[in-house]
Structure formats: structure tokens, C-alpha cells
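Q: After the C-alpha cells below, expect a handful of questions from me.
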Amino acid sequence: MSPAVAIVLVLGGLSVQAAMAQAVVPGLAPHVDLNASLEDGPGKPAFEGKLFNDPPPPEGGWKGLAKLLEALTPSVDTSVPLTASEITSRISQMLDQGRNEEALEVIQKRTAQLEQQGGIGTDVQLMFLHGRALAALGRDAQAIDLYLKMTTLYPELPEPWNNLAAEYVKQGKLDMARDALSMSLAANPNYGTAKANLGQVQLMLAQESFRNAARLGVDSARSKAEQTAEVLKK
């Protein structure tokens, strides 16, 4: 049984418009704050490839002519080099704006470029954004697979566990969502988003239990199920 309640997503300081750019998740608030992985540490070079098709700013005079001549030369890339954190920040903004297909395309390009560069390790933030993009596009099974992979590789991060729970709620798998949120809080007991989401899931489970009890003839359970549903709507 899929839960009836739906709330907007709370994405770590993002706007309401950003939240609505995601697929509506019944009852849960995925979080995207993996700021630690955004920092460019020593030895991390800026990326010089062209990922984003931004229109060039209009310029006049000799500068505008120079830009025009450069644009006519296929081998010339006039884009300013981007750091790893700037790239993931841009992708996150695209997802916030609902440009999900475009964001996924950039993520795939960036992943391929990192593989070609033979870099050591994984861009955790890029991997997380990949999960967000898949979820936003309704490719829930793939999003779950990716989040599960992240929980295996990085069990200390609470955010993948939290977003995995959001995917389970979409499928009505409330017990699995509760377990995932428990893992999120084990990784970070002070993770407020997971605490709030766990409360939502517990209310959903209570509503489900009351409904089952009502079907078995417990008269008082029906009103309690209705009261729980009202709380979930707030």
C-alpha cells in the first residue's frame, strides 16, 4: 500500500522551486548536502573540458570580433576552466531548476571524462547528484541501485541512506525506509532531516497498522487511522 501523504522536498537550503523540481516523494525529504566532497584538495586540477553549453556573453568592438573568429575555429575552446566543486555546483543548480535530462547528460559526460583521466578515487558528490537525477526522472530502480552502492562504499555518509529511504517510501516499502533512516542516524545521530523523515515513516506505519486493525473489526482503529492521516497532511 503506498502512503497517501506527500510533502515537498527539503534540499538543504534550496528554494521551494528547487524542491518541486524533483519528483514528489511521499512523506520524505531527500537531502543533498555533501559539501565536504565539494572541496578541491591539494593536487586536484581544475577541469578544462567543456561540459556546459552556455551562450557567450555579448561583446562589442575588437573583443567581440575576436570571440567571433575564435568561435569559427572548431579546435578552440574558449570556456573558462572549472574546478570540480564548480562543476558539481552547476549540476546541482540544473537539477534544482528541473533541467533533469540535461543534468544527467552532463553527469554522464563528466563521469566519462574522469574515467579517461584515470583519476584515483570517486567523486562522491557527482555520484550523489547522479542518484538525484535518476530519481527526478522517475528511474527509481536505478536510483536505488546507485544509493545502495553509495551506502556500501561510504556507509559513514547519512545522506545516501536518507535518499534511499525516500525511494523506498515511493514504493510503499515503509519497513525498509525505516531501516534505511535508522542507518542514516547511526552514521550521524544529529542529522535533523533523517530524524524528521523517520518521524514521518513511523506515522505512516502507524496509519497502516490502524487501517489493518480497522479491517479486522477494531472500531477505534478507524478513527485513529483518520487522525494519523490528518497529522501527515500537515
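Here's how to read the names in the C-alpha cells: chain A, B, ... by the order shown, residue numbers from 1 in each chain, ligand numbers from 1 in the order shown.
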Got a sec: who's within 9 Å of Lys224 in chain A, counting only C-alpha atoms, leaving out chain neighbours fewer than 4 positions off, as a PDB file with C-alpha atoms, in the first residue's frame?
A:
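Contents of the output file selection-v8.pdb:
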```pdb
ATOM      1  CA  GLN A 207      -1.560   4.620   9.964  1.00  0.00           C
ATOM      2  CA  PHE A 210      -4.588   1.241  12.390  1.00  0.00           C
ATOM      3  CA  ARG A 211      -6.122   0.584   8.961  1.00  0.00           C
ATOM      4  CA  SER A 220     -11.486   2.594  17.498  1.00  0.00           C
ATOM      5  CA  THR A 228      -2.974   9.936  11.775  1.00  0.00           C
ATOM      6  CA  ALA A 229      -3.767  10.766   8.162  1.00  0.00           C
TER       7      ALA A 229
END
```
Q: Which one is closest to Glu226 in chain A: A:Gln116, A:Ser209, A:Ser184, A:Gln202? Count only C-alpha atoms.
A: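 Between A:Gln116, A:Ser209, A:Ser184, A:Gln202, the residue approaching Glu226 in chain A most closely is A:Ser209.
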Q: Need the shell around Asn212 in chain A: protein/DNA/RNA residues with any atom at most 12 Å away, counting only C-alpha atoms. Skip same-chain ones fewer than 4 positions apart. Format as a ChimeraX atom specification?
A: /A:1,205-208,216-222,224-225
Q: Using only C-alpha atoms, find the one residue out of A:Leu198, A:Ala214, A:Leu153, A:Leu146 that sits nearest to Leu185 in chain A.
A: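 Nearest to Leu185 in chain A: A:Leu198.
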Q: Please identify all polymer residues within 8 Å of Pro160 in chain A, counting only C-alpha atoms, omitting same-chain residues fewer than 2 positions from it, and present them as a list in words.
A: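 Contacts, in chain order: Phe128, Tyr147, Leu148, Met150, Thr151, Leu157, Pro158, Asn162, Asn163, Leu164 and Ser184 of chain A.
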Q: Could you please determine the separation between CA of Ala136 in chain A and CA of Ile107 in chain A in Å, to one decimal place?
A: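 CA of Ile107 in chain A lies 13.8 Å from CA of Ala136 in chain A.
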